[in-house]
Every structure is written in C-alpha cells, then in structure tokens.
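The file final-v6.pdb contains PDB, C-alpha atoms:
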ATOM      1  CA  MET A   1     124.094 133.329 107.484
ATOM      2  CA  LYS A   2     125.042 130.668 104.926
ATOM      3  CA  LEU A   3     122.405 127.950 104.940
ATOM      4  CA  LYS A   4     123.073 124.363 103.966
ATOM      5  CA  ALA A   5     120.364 121.806 103.322
ATOM      6  CA  PRO A   6     120.754 118.866 105.747
ATOM      7  CA  ILE A   7     121.762 115.766 103.795
ATOM      8  CA  ASP A   8     119.628 113.509 105.984
ATOM      9  CA  ILE A   9     116.400 115.119 104.754
ATOM     10  CA  HIS A  10     116.012 112.881 101.731
ATOM     11  CA  GLU A  11     113.331 110.474 100.534
ATOM     12  CA  ALA A  12     115.962 107.827  99.741
ATOM     13  CA  THR A  13     116.287 107.134 103.472
ATOM     14  CA  VAL A  14     112.639 106.043 103.423
ATOM     15  CA  GLU A  15     112.525 104.407  99.983
ATOM     16  CA  HIS A  16     115.351 102.151 101.165
ATOM     17  CA  PHE A  17     112.701 100.127 103.031
ATOM     18  CA  GLN A  18     110.538  99.354 100.000
ATOM     19  CA  PRO A  19     110.096  95.571  99.617
ATOM     20  CA  ARG A  20     111.821  93.686  96.824
ATOM     21  CA  ASN A  21     110.987  90.466  95.017
ATOM     22  CA  SER A  22     113.323  87.505  94.557
ATOM     23  CA  ALA A  23     114.910  89.235  91.563
ATOM     24  CA  GLY A  24     115.763  92.271  93.667
ATOM     25  CA  GLU A  25     113.161  94.456  91.984
ATOM     26  CA  ILE A  26     111.172  96.922  94.068
ATOM     27  CA  VAL A  27     107.562  95.958  94.720
ATOM     28  CA  ALA A  28     106.270  99.308  95.880
ATOM     29  CA  ASP A  29     104.371  99.592  99.148
ATOM     30  CA  ALA A  30     102.017 102.548  98.728
ATOM     31  CA  LEU A  31     102.300 103.608 102.364
ATOM     32  CA  ILE A  32     106.088 103.710 102.272
ATOM     33  CA  GLY A  33     105.662 105.729  99.094
ATOM     34  CA  THR A  34     103.419 108.141 100.990
ATOM     35  CA  LEU A  35     106.103 108.653 103.631
ATOM     36  CA  ALA A  36     108.769 109.108 100.951
ATOM     37  CA  ALA A  37     106.641 111.704  99.162
ATOM     38  CA  ALA A  38     106.250 113.673 102.394
ATOM     39  CA  VAL A  39     110.006 113.614 103.007
ATOM     40  CA  ARG A  40     110.628 114.556  99.367
ATOM     41  CA  LYS A  41     108.425 117.621  99.757
ATOM     42  CA  THR A  42     110.230 118.488 102.971
ATOM     43  CA  ARG A  43     113.582 118.245 101.150
ATOM     44  CA  GLU A  44     112.288 120.474  98.368
ATOM     45  CA  ASN A  45     111.088 123.036 100.902
ATOM     46  CA  THR A  46     114.485 122.937 102.570
ATOM     47  CA  GLU A  47     116.241 123.528  99.253
ATOM     48  CA  THR A  48     113.824 126.375  98.493
ATOM     49  CA  LEU A  49     114.864 128.084 101.713
ATOM     50  CA  VAL A  50     118.557 127.629 100.920
ATOM     51  CA  SER A  51     118.041 129.184  97.473
ATOM     52  CA  LEU A  52     116.056 132.052  98.965
ATOM     53  CA  ALA A  53     118.751 132.692 101.560
ATOM     54  CA  ASP A  54     121.396 132.823  98.814
ATOM     55  CA  ALA A  55     119.305 135.245  96.758
ATOM     56  CA  LEU A  56     118.587 137.510  99.714
ATOM     57  CA  SER A  57     122.257 137.661 100.659
ATOM     58  CA  LEU A  58     123.009 139.181  97.251
ATOM     59  CA  ASP A  59     120.350 141.884  97.527
ATOM     60  CA  ARG A  60     122.164 144.956  98.823
ATOM     61  CA  THR A  61     119.086 147.167  98.545
ATOM     62  CA  VAL A  62     117.513 145.608 101.655
ATOM     63  CA  THR A  63     118.853 145.617 105.205
ATOM     64  CA  PRO A  64     120.083 142.342 106.747
ATOM     65  CA  ASP A  65     117.298 142.560 109.332
ATOM     66  CA  ALA A  66     114.638 142.812 106.616
ATOM     67  CA  ASN A  67     116.162 139.914 104.694
ATOM     68  CA  ALA A  68     116.287 137.786 107.839
ATOM     69  CA  LEU A  69     112.647 138.532 108.596
ATOM     70  CA  LYS A  70     111.612 137.598 105.071
ATOM     71  CA  LEU A  71     113.575 134.372 105.263
ATOM     72  CA  ARG A  72     112.033 133.513 108.625
ATOM     73  CA  GLU A  73     108.522 134.164 107.333
ATOM     74  CA  ASN A  74     109.111 131.839 104.389
ATOM     75  CA  ALA A  75     110.702 129.229 106.642
ATOM     76  CA  LEU A  76     107.689 129.125 108.947
ATOM     77  CA  ARG A  77     105.260 129.021 106.022
ATOM     78  CA  LEU A  78     107.064 126.100 104.414
ATOM     79  CA  ALA A  79     107.484 124.435 107.791
ATOM     80  CA  GLU A  80     103.745 124.467 108.324
ATOM     81  CA  ALA A  81     103.170 122.890 104.919
ATOM     82  CA  SER A  82     105.809 120.227 105.523
ATOM     83  CA  ALA A  83     104.505 119.452 109.004
ATOM     84  CA  LYS A  84     100.997 118.904 107.651
ATOM     85  CA  LYS A  85     102.180 116.542 104.914
ATOM     86  CA  LEU A  86     104.459 114.620 107.282
ATOM     87  CA  ASP A  87     101.750 114.279 109.924
ATOM     88  CA  GLU A  88      99.177 113.024 107.420
ATOM     89  CA  ALA A  89     101.593 110.408 106.054
ATOM     90  CA  LYS A  90     102.670 109.303 109.524
ATOM     91  CA  ALA A  91      99.082 108.962 110.724
ATOM     92  CA  ARG A  92      98.220 106.641 107.844
ATOM     93  CA  VAL A  93     101.254 104.453 108.472
ATOM     94  CA  GLU A  94     100.727 104.357 112.241
ATOM     95  CA  ALA A  95      97.136 103.211 111.699
ATOM     96  CA  GLU A  96      98.284 100.422 109.394
ATOM     97  CA  ILE A  97     100.984  99.348 111.854
ATOM     98  CA  ALA A  98      98.369  99.149 114.617
ATOM     99  CA  THR A  99      96.176  96.963 112.400
ATOM    100  CA  LEU A 100      99.091  94.673 111.563
ATOM    101  CA  GLU A 101     100.139  94.470 115.218
ATOM    102  CA  GLN A 102      96.724  93.186 116.143
ATOM    103  CA  ARG A 103      96.694  90.665 113.302
ATOM    104  CA  VAL A 104     100.168  89.215 113.879
ATOM    105  CA  GLY A 105      99.971  89.299 117.689
ATOM    106  CA  SER A 106      97.335  86.631 118.273
ATOM    107  CA  PRO A 107      94.815  84.438 116.419
ATOM    108  CA  PRO A 108      91.268  85.624 115.773
ATOM    109  CA  PRO A 109      88.921  85.367 118.785
ATOM    110  CA  PRO A 110      86.875  82.200 119.367
ATOM    111  CA  GLN A 111      83.525  82.069 117.627
ATOM    112  CA  ASP A 112      81.509  80.429 120.423
ATOM    113  CA  GLN A 113      81.395  79.740 124.150
ATOM    114  CA  LEU A 114      82.566  76.166 123.682
ATOM    115  CA  ALA A 115      85.837  77.379 122.147
ATOM    116  CA  LEU A 116      86.261  79.910 124.959
ATOM    117  CA  ASN A 117      85.799  77.187 127.567
ATOM    118  CA  MET A 118      88.278  74.953 125.773
ATOM    119  CA  GLU A 119      90.920  77.693 125.807
ATOM    120  CA  ALA A 120      90.427  78.218 129.540
ATOM    121  CA  GLU A 121      90.864  74.475 130.158
ATOM    122  CA  ILE A 122      94.044  74.381 128.050
ATOM    123  CA  ARG A 123      95.563  77.291 129.987
ATOM    124  CA  SER A 124      94.665  75.624 133.271
ATOM    125  CA  ARG A 125      96.238  72.355 132.170
ATOM    126  CA  LEU A 126      99.411  74.074 130.948
ATOM    127  CA  ALA A 127      99.755  76.005 134.196
ATOM    128  CA  ALA A 128      99.604  72.740 136.175
ATOM    129  CA  MET A 129     102.429  71.124 134.195
ATOM    130  CA  PRO A 130     106.102  71.115 135.200
ATOM    131  CA  GLU A 131     107.997  73.751 133.256
ATOM    132  CA  ALA A 132     109.827  71.315 130.966
ATOM    133  CA  GLU A 133     106.614  69.504 130.096
ATOM    134  CA  ARG A 134     104.785  72.795 129.479
ATOM    135  CA  ASP A 135     107.566  74.063 127.209
ATOM    136  CA  LYS A 136     107.430  70.815 125.250
ATOM    137  CA  ALA A 137     103.639  71.105 124.853
ATOM    138  CA  VAL A 138     103.901  74.658 123.522
ATOM    139  CA  GLU A 139     106.758  73.669 121.216
ATOM    140  CA  SER A 140     104.706  70.771 119.854
ATOM    141  CA  ALA A 141     101.735  73.084 119.275
ATOM    142  CA  PHE A 142     103.852  75.325 117.077
ATOM    143  CA  ALA A 143     105.471  72.379 115.279
ATOM    144  CA  GLU A 144     102.022  70.975 114.485
ATOM    145  CA  LYS A 145     100.518  74.440 113.901
ATOM    146  CA  ASN A 146      97.867  73.624 116.476
ATOM    147  CA  LEU A 147      95.977  76.916 116.649
ATOM    148  CA  THR A 148      93.732  75.686 119.443
ATOM    149  CA  ILE A 149      96.621  75.465 121.898
ATOM    150  CA  ILE A 150      98.504  78.452 120.493
ATOM    151  CA  SER A 151      95.385  80.598 120.723
ATOM    152  CA  ALA A 152      94.794  79.556 124.334
ATOM    153  CA  VAL A 153      98.337  80.590 125.261
ATOM    154  CA  LEU A 154      98.333  83.912 123.433
ATOM    155  CA  ARG A 155      94.864  85.158 124.276
ATOM    156  CA  GLY A 156      95.400  85.019 128.011
ATOM    157  CA  PRO A 157      97.983  86.685 130.248
ATOM    158  CA  ALA A 158     101.217  84.721 130.571
ATOM    159  CA  PHE A 159     100.586  83.679 134.187
ATOM    160  CA  LEU A 160      97.320  81.896 133.296
ATOM    161  CA  SER A 161      99.331  79.394 131.253
ATOM    162  CA  GLY A 162     102.112  79.298 133.811
ATOM    163  CA  ILE A 163     104.765  80.655 131.461
ATOM    164  CA  SER A 164     107.060  83.620 131.949
ATOM    165  CA  PRO A 165     106.365  86.978 130.283
ATOM    166  CA  ALA A 166     109.518  86.524 128.208
ATOM    167  CA  LYS A 167     108.412  83.143 126.859
ATOM    168  CA  HIS A 168     104.927  84.532 126.267
ATOM    169  CA  ALA A 169     106.395  87.359 124.173
ATOM    170  CA  MET A 170     108.508  84.852 122.252
ATOM    171  CA  ALA A 171     105.422  82.744 121.556
ATOM    172  CA  ARG A 172     103.574  85.815 120.290
ATOM    173  CA  HIS A 173     106.398  86.681 117.919
ATOM    174  CA  ARG A 174     106.633  83.070 116.792
ATOM    175  CA  TYR A 175     102.921  83.049 116.018
ATOM    176  CA  GLY A 176     103.345  86.060 113.748
ATOM    177  CA  ALA A 177     106.399  84.577 112.040
ATOM    178  CA  THR A 178     104.664  81.209 111.543
ATOM    179  CA  PHE A 179     101.215  82.270 110.418
ATOM    180  CA  HIS A 180     101.666  85.866 109.192
ATOM    181  CA  ALA A 181     105.246  86.066 107.941
ATOM    182  CA  GLU A 182     104.527  88.549 105.145
ATOM    183  CA  GLU A 183     102.451  90.818 107.351
ATOM    184  CA  LEU A 184     105.092  90.705 110.095
ATOM    185  CA  ALA A 185     107.786  91.644 107.590
ATOM    186  CA  ARG A 186     105.617  94.481 106.289
ATOM    187  CA  ARG A 187     105.011  95.768 109.811
ATOM    188  CA  ASP A 188     108.754  95.844 110.418
ATOM    189  CA  ARG A 189     109.385  97.658 107.116
ATOM    190  CA  LEU A 190     106.721 100.237 107.901
ATOM    191  CA  LYS A 191     108.205 100.809 111.348
ATOM    192  CA  SER A 192     111.665 101.313 109.859
ATOM    193  CA  ALA A 193     110.332 103.676 107.187
ATOM    194  CA  LEU A 194     108.414 105.590 109.858
ATOM    195  CA  ASP A 195     111.576 105.913 111.973
ATOM    196  CA  ALA A 196     113.471 107.265 108.958
ATOM    197  CA  THR A 197     110.676 109.776 108.375
ATOM    198  CA  GLU A 198     110.834 110.852 112.021
ATOM    199  CA  ARG A 199     114.568 111.461 111.727
ATOM    200  CA  SER A 200     114.060 113.612 108.642
ATOM    201  CA  GLY A 201     111.345 115.532 110.466
ATOM    202  CA  GLN A 202     113.608 116.156 113.435
ATOM    203  CA  SER A 203     116.386 117.353 111.143
ATOM    204  CA  PHE A 204     113.903 119.682 109.466
ATOM    205  CA  VAL A 205     112.905 121.113 112.857
ATOM    206  CA  ARG A 206     116.541 121.892 113.597
ATOM    207  CA  PHE A 207     116.934 123.508 110.184
ATOM    208  CA  VAL A 208     113.846 125.695 110.570
ATOM    209  CA  THR A 209     115.007 126.645 114.067
ATOM    210  CA  GLN A 210     118.325 127.735 112.607
ATOM    211  CA  VAL A 211     116.519 129.987 110.137
ATOM    212  CA  ALA A 212     113.900 131.293 112.566
ATOM    213  CA  THR A 213     116.456 132.236 115.221
ATOM    214  CA  ASN A 214     118.930 133.879 112.851
ATOM    215  CA  GLN A 215     120.920 136.400 114.914
ATOM    216  CA  ALA A 216     120.442 138.997 112.197
ATOM    217  CA  VAL A 217     116.811 139.251 113.297
ATOM    218  CA  THR A 218     117.124 141.900 115.957
ATOM    219  CA  VAL A 219     113.533 143.071 116.163
ATOM    220  CA  ALA A 220     112.234 141.978 119.560
ATOM    221  CA  GLU A 221     108.765 141.108 118.339
ATOM    222  CA  ALA A 222     110.163 139.011 115.528
ATOM    223  CA  GLN A 223     112.350 137.098 117.965
ATOM    224  CA  SER A 224     109.390 136.381 120.204
ATOM    225  CA  ASN A 225     107.285 135.217 117.274
ATOM    226  CA  ALA A 226     110.123 133.029 116.040
ATOM    227  CA  ARG A 227     110.398 131.232 119.394
ATOM    228  CA  SER A 228     106.664 130.577 119.445
ATOM    229  CA  ALA A 229     106.726 129.329 115.869
ATOM    230  CA  GLU A 230     109.674 126.989 116.531
ATOM    231  CA  GLN A 231     107.799 125.325 119.358
ATOM    232  CA  ALA A 232     104.671 124.952 117.245
ATOM    233  CA  VAL A 233     106.544 123.489 114.292
ATOM    234  CA  ALA A 234     108.504 121.085 116.489
ATOM    235  CA  ALA A 235     105.328 119.913 118.203
ATOM    236  CA  ALA A 236     103.531 119.434 114.900
ATOM    237  CA  ILE A 237     106.302 117.378 113.314
ATOM    238  CA  THR A 238     107.320 115.250 116.293
ATOM    239  CA  GLU A 239     103.871 114.363 117.672
TER     240      GLU A 239
END
Encoded form using structure tokens:
Amino acid sequence: MKLKAPIDIHEATVEHFQPRNSAGEIVADALIGTLAAAVRKTRENTETLVSLADALSLDRTVTPDANALKLRENALRLAEASAKKLDEAKARVEAEIATLEQRVGSPPPPQDQLALNMEAEIRSRLAAMPEAERDKAVESAFAEKNLTIISAVLRGPAFLSGISPAKHAMARHRYGATFHAEELARRDRLKSALDATERSGQSFVRFVTQVATNQAVTVAEAQSNARSAEQAVAAAITE
C-alpha cells in the first residue's frame, strides 16, 4: 500500500484565520495558535506514518503481514497522541467561544430590583405597540445606544416584547456588533479556525482508517483490533 499524506491536514488552514492589523500584519491570537499547533503535530504524525510505510515496503526481510501490523500499531499510537492534542486545543477554544457568546449575546444583568421592574415595564409597553411603532422604538434604541431598552428586549423571550423570533435574533446580533464588535469578530474567527481543525481531524481519521484496515493485515485478531481502534480514534477526534 502506497500511503500519501492528505494535503488538507495542514496548520495553514487554521493559521489563515489569525487576525491582522490595518497594515495586514498578523496579530496572533494564542488560541488559534493552539489549534494550529495541534494540527501541525497531526500533520507531522501523518508524514511520519508515510515515511514509515515507505521504509517498511523496502524491507524484504519481513513479511507483508508483519510490516502491515507494525504500521498499524504505529498509526494507532500516533493517532492517540494526535487525538489528545486536538481534543485539548478544541476544548480550550470551545470554552472561549462559549464565554464570548454570552458576552456578545446580551447586556450584563440588572444590578437591582428597580432595574428588573423597569425592563419588565419596557417589554410590556413594546408588546402593546403596533408593529411599525415597536420597530421604530427598537431602531431608535440602537441608534441612541440606549442600553435600558436594548437590555429589556434581549433579556426576555421575543414574545414578551411582541417581536418575532427572527427580529429578536437580529437585535441580538446587532447588539454584539454595536457594543462588542471586536469580541464578535474574534468569536467568528475562533469558530472558523475550529471548523478548519475539525476538518483536519476528520481527514486524519480517514487516513488512520486507511492504515489500520490495510488489506495486507490478514490476521483475524489484528483486523478485529483495528476496527475497535478506528472507532475509538474517530470518537476521540470528532467529539
């Protein structure tokens, strides 16, 4: 079996989402760097397996079955190491995305009961308005950056203010873009970098599966172990 390293397992696909300043220079985000490092290690492990496969194919003193078993063992060992590094990097980024989602999704909670009561009254008043008047009131709140009204709208379900779920979602996004533009942009970059990491992980699973299920491995026990290992590696990387 002639192995080829998948071209889509490469840290450049993640580093592409690093932020840049007005001069076009990269201003490194450490978390994107963490994802890129995990993908880089995965690429290196992939290339190690390709080199090992080439070396084993030239060794005529060992049977093809023995070479295939050795390659599979190394593939599963490196897969476990890659899965651990990928999972650790992904967990850190997912936690940061969750924090950013909370911050850009709605204003901080009211500090006292009076503010809570005021928000309830605003929602009630908005719900009683005709749609055009309500839309104008919400638009004015954003134009004036009136957090009292914006907070009332966003911290309650859409129906309490009388607006549709679609308009409520738009208002939530507008809040993030208006008051937390940099954090919203960072959240989107992290999501894109995480997606690129996921794609590299999935490609790595397919590559390891190709190695672990090599048809030259004819020993029944080895085949059974390979199937179990494939499932474990796939679960570890794609969780």
All residues 12 Å or closer to region 48-50 of chain A, all atoms listed in the file, same chain fewer than 2 positions away omitted, as a VMD selection string: chain A and resid 1 to 6 41 to 46 52 to 57 68 70 to 79 204 207 to 208 210 to 212
Given the PyMOL selection byres ((chain A and resi 168) around 12), the residues it picks as a list in words: Gly105, Ser106, Asp135, Val138, Ile150, Ser151, Ala152, Val153, Leu154, Arg155, Gly156, Pro157, Ala158, Phe159, Leu160, Ser161, Gly162, Ile163, Ser164, Pro165, Ala166, Lys167, Ala169, Met170, Ala171, Arg172, His173, Arg174 and Tyr175 of chain A
I need the chosen residues saved as an mmCIF file, in the frame of the given file, with C-alpha atoms.
data_model
loop_
_atom_site.group_PDB
_atom_site.id
_atom_site.type_symbol
_atom_site.label_atom_id
_atom_site.label_comp_id
_atom_site.auth_asym_id
_atom_site.auth_seq_id
_atom_site.Cartn_x
_atom_site.Cartn_y
_atom_site.Cartn_z
ATOM 1 C CA GLY A 105 99.971 89.299 117.689
ATOM 2 C CA SER A 106 97.335 86.631 118.273
ATOM 3 C CA ASP A 135 107.566 74.063 127.209
ATOM 4 C CA VAL A 138 103.901 74.658 123.522
ATOM 5 C CA ILE A 150 98.504 78.452 120.493
ATOM 6 C CA SER A 151 95.385 80.598 120.723
ATOM 7 C CA ALA A 152 94.794 79.556 124.334
ATOM 8 C CA VAL A 153 98.337 80.590 125.261
ATOM 9 C CA LEU A 154 98.333 83.912 123.433
ATOM 10 C CA ARG A 155 94.864 85.158 124.276
ATOM 11 C CA GLY A 156 95.400 85.019 128.011
ATOM 12 C CA PRO A 157 97.983 86.685 130.248
ATOM 13 C CA ALA A 158 101.217 84.721 130.571
ATOM 14 C CA PHE A 159 100.586 83.679 134.187
ATOM 15 C CA LEU A 160 97.320 81.896 133.296
ATOM 16 C CA SER A 161 99.331 79.394 131.253
ATOM 17 C CA GLY A 162 102.112 79.298 133.811
ATOM 18 C CA ILE A 163 104.765 80.655 131.461
ATOM 19 C CA SER A 164 107.060 83.620 131.949
ATOM 20 C CA PRO A 165 106.365 86.978 130.283
ATOM 21 C CA ALA A 166 109.518 86.524 128.208
ATOM 22 C CA LYS A 167 108.412 83.143 126.859
ATOM 23 C CA ALA A 169 106.395 87.359 124.173
ATOM 24 C CA MET A 170 108.508 84.852 122.252
ATOM 25 C CA ALA A 171 105.422 82.744 121.556
ATOM 26 C CA ARG A 172 103.574 85.815 120.290
ATOM 27 C CA HIS A 173 106.398 86.681 117.919
ATOM 28 C CA ARG A 174 106.633 83.070 116.792
ATOM 29 C CA TYR A 175 102.921 83.049 116.018
#
Best match for closeness to Leu35 (chain A) among A:Leu190, A:Ala132, A:Leu116, A:Leu100, counting all atoms listed in the file: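 Looking at the shortest contact to Leu35 (chain A), the residue is A:Leu190.
With distances restricted to all atoms listed in the file, A:Ser82 is the closest residue to Gln202 (chain A) from A:Asn67, A:Ser82, A:Thr34, A:Asn21.
Shortest separation to His16 (chain A) among A:Ser192, A:Gln102, A:Thr213, A:Ser203 occurs at residue A:Ser192, atoms counted being all atoms listed in the file.
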Residue nearest Gln18 (chain A) among A:Ala81, A:Leu194, A:Met118, A:Ala38 (counting all atoms listed in the file): A:Leu194
Hits from the PyMOL selection byres ((chain A and resi 10) around 8), listed as number ranges by chain: A: 7-9, 11-14, 39-40, 43, 200
Six-sided padding of 4 Å per side, axis-aligned box over region 177-196 of chain A, centre and edges in Å, one decimal, as AutoDock Vina command-line options:
--center_x 107.3 --center_y 94.2 --center_z 108.6 --size_x 20.3 --size_y 34.1 --size_z 14.9
d(CA of Arg125 (chain A), CA of Asp112 (chain A)) in Å: 20.5 Å
Pick from A:Leu147, A:Met129, A:Ala30, A:Ala115, whichever lies nearest to Val93 (chain A) using all atoms listed in the file: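 Looking only at the distances to Val93 (chain A), the closest residue turns out to be A:Ala30.
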Between CA of Phe17 (chain A) and CA of Asp87 (chain A) - distance in Å to one decimal: 19.2 Å
Selected residue of minimal separation from Pro110 (chain A) among A:Ser22, A:Ser124, A:Ser140, A:Thr148, counting only C-alpha atoms: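 With only C-alpha atoms as the atom set, the closest residue is A:Thr148.
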Picked residues, the PyMOL selection byres ((chain A and resi 97) around 12), as a list in words: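 Applying the expression gives Leu31, Ile32, Lys90, Ala91, Arg92, Val93, Glu94, Ala95, Glu96, Ala98, Thr99, Leu100, Glu101, Gln102, Arg103, Val104, Gly105, Glu183, Leu184, Ala185, Arg186, Arg187, Asp188, Arg189, Leu190, Lys191, Ser192, Ala193 and Leu194 of chain A.
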